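Undergrad: Structure in structure tokens, see below.
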Amino acid sequence: MYAGLSRAKGDYVAIMDADMQDPPSLPPEMYESLLSGEYDSVATRRVDRTGEPPIRSFFARLFYKLIKKISDSDIVDGARDFRLMKRQMVDAIVSMGEVNRFSKGIFGWVGFRTKWLPYENVERVAGETKWSFWKLFLYSLQGIIAFSTVPLAISSLLGVIACIVAFIMIIVIIMKTLIWGDPVGGWPSLVCIIMFMGGLQLFCMGILGQYLSKTYLETKKRPIFIIAETNEDLNDEAETH
């Protein structure tokens with residue numbers, strides 16, 4: 001997909017599957033929507049998942065709900081890669097040269113105005129999907145890692161909670177020992193110490209992860225800003241006319 005977008009030269013660029021799951025009747029409607037000037041992209045989303053196993057549909061919806069909460073990108077439930085885009089949006093997507101690409105996240109991250117066309121799921125004409133449940137699971141993890149650092153924050157939070165719980169338990173054990181003695185022979189305090197050290201390690205790993213995530217995002221070399229339209233473009237058009 002990236003290779004095609006980088007080589008495309010037209011003012012409008014479309015992406016669609018070749019197995020006829022993407023209705024070929026929609027591009028004319030997409031084109032008319034872009035001509036209005038109100039949108040930079042017209043994308044499609046499935047309103048149902050007819051033909052998919054129920055367990056796969058359940059996890060797909062769960063993933064979209066999760067990524068929408070923890071990511072800054074606009075990722076819509078049921079979104080497809082099937083879309084028609086203006087040249088400015090295509091150039092912005094191509095400028096993101098990262099190797100591990102989560103296309104739906106990239107489309108949302110660039111931030112152009114998008115119109116969504118809902119349609120009912122269509123069975124493919126030929127062939128079978130290459131996306132097994134395991135491949136989709138790994139791809140979803142890649143999407144979360146590429147567009148969210150919330151999991152690292154969660155690990156730090158869990159470490160802080162574990163430390164607090166362990167500290168409270170240590171105080172309870174000390175008070176209990178002073179009042180009733182220690183008939184069990186010290187194992188509760190040992191458990192508390194292990195829990196406290198484990199929580200402290202988890203917290204420190206979360207902090208290290210935050211620093212690593214910043215380095216990871218920097219190595220992607222994503223553009224700091226994206227220009228959709230400038231006065232220079234308008235001046236060039238005026239000179240052409």
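Just remember, in the structure tokens the first chain shown is A, the second B, etc., residues are 1-based per chain, and ligands are 1-based in the order shown.
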Write out as a PyMOL selection string the residues lying within 9 Å of Tyr31 in chain A, counting only C-alpha atoms and excluding same-chain residues fewer than 5 positions away.

TA: chain A and resi 12+26+42+84-85

Undergrad: Give me, as a tab-separated table, each residue of range 192-223 of chain A that comes within 9 Å of range 93-117 of chain A, together with its shortest interatomic pair and the distance in Å at one decimal, counting only C-alpha atoms, with rows ordered by chain and rising residue number.

TA:
residue	atom	partner	partner_atom	distance
A:Thr219	CA	A:Glu98	CA	8.3
A:Lys220	CA	A:Glu98	CA	5.1
A:Lys221	CA	A:Met96	CA	7.1
A:Arg222	CA	A:Met96	CA	5.3
A:Pro223	CA	A:Met96	CA	6.9

Undergrad: Those same residues - N, CA, C and O atoms - I'd like them written as a compact mmCIF listing (two decimals), in the first residue's frame.

TA:
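Output saved as out-v3.txt:
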# COMPACT_ATOMS: atom_id res chain seq x y z
N THR A 219 12.35 7.85 16.52
CA THR A 219 12.94 7.09 15.42
C THR A 219 11.97 6.91 14.26
O THR A 219 12.39 6.63 13.13
N LYS A 220 10.67 7.05 14.50
CA LYS A 220 9.69 6.97 13.42
C LYS A 220 9.80 8.17 12.48
O LYS A 220 9.35 8.10 11.33
N LYS A 221 10.36 9.29 12.98
CA LYS A 221 10.54 10.50 12.18
C LYS A 221 9.23 10.98 11.57
O LYS A 221 9.15 11.34 10.38
N ARG A 222 8.18 10.95 12.36
CA ARG A 222 6.90 11.49 11.89
C ARG A 222 7.01 13.01 11.77
O ARG A 222 7.71 13.65 12.56
N PRO A 223 6.35 13.60 10.78
CA PRO A 223 6.43 15.06 10.62
C PRO A 223 5.88 15.77 11.84
O PRO A 223 4.88 15.34 12.43

Undergrad: Give me every alpha helix (DSSP H) residue in range 63-131 of chain A, going by DSSP on the backbone, as a list in words.

TA: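 Filtering range 63-131 of chain A down to alpha helix (DSSP H) leaves Phe63, Tyr64, Lys65, Leu66, Ile67, Lys68, Lys69, Ile70, Arg87, Gln88, Met89, Val90, Asp91, Ala92, Ile93, Val94, Ser95, Ser103, Lys104, Gly105, Ile106, Phe107, Gly108 and Trp109 of chain A.
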
Undergrad: Identify, on the basis of only C-alpha atoms, every residue whose closest approach to Leu5 in chain A does not exceed 9 Å; exclude the query and any residue fewer than 5 positions from it along the same chain; express the result as an MDAnalysis selection string.

TA: chainID A and resid 13:15 90:91 93:94

Undergrad: Please produce, as a Markdown table, a per-residue contact table for range 139-204 of chain A versus range 75-81 of chain A (criterion: any atom at most 12 Å away, only C-alpha atoms considered), showing the nearest atom pair and its distance in Å to one decimal, sorted by chain then residue number.

TA:
| residue | atom | partner | partner_atom | distance |
| --- | --- | --- | --- | --- |
| A:Gly143 | CA | A:Ile75 | CA | 10.4 |
| A:Ile144 | CA | A:Ile75 | CA | 11.3 |
| A:Phe147 | CA | A:Ile75 | CA | 10.5 |

Undergrad: Between CA of Lys69 in chain A and CA of Ile154 in chain A, measure the distance and give it in Å to one decimal.

TA: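 These atoms are spaced 13.4 Å apart.
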
Undergrad: Out of A:Asp11, A:Trp180, A:Ala146, A:Ala3, which residue has the shortest atom-to-atom distance to Met89 in chain A when counting only C-alpha atoms?

TA: A:Asp11

Undergrad: Just want the 12 Å neighbourhood of Ser132 in chain A, counted on only C-alpha atoms, with same-chain residues fewer than 5 positions away dropped. Output as a list in words.

TA: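 Here the qualifying residues turn out to be Glu52, Pro53, Arg56, Phe137, Leu138 and Tyr139 of chain A.
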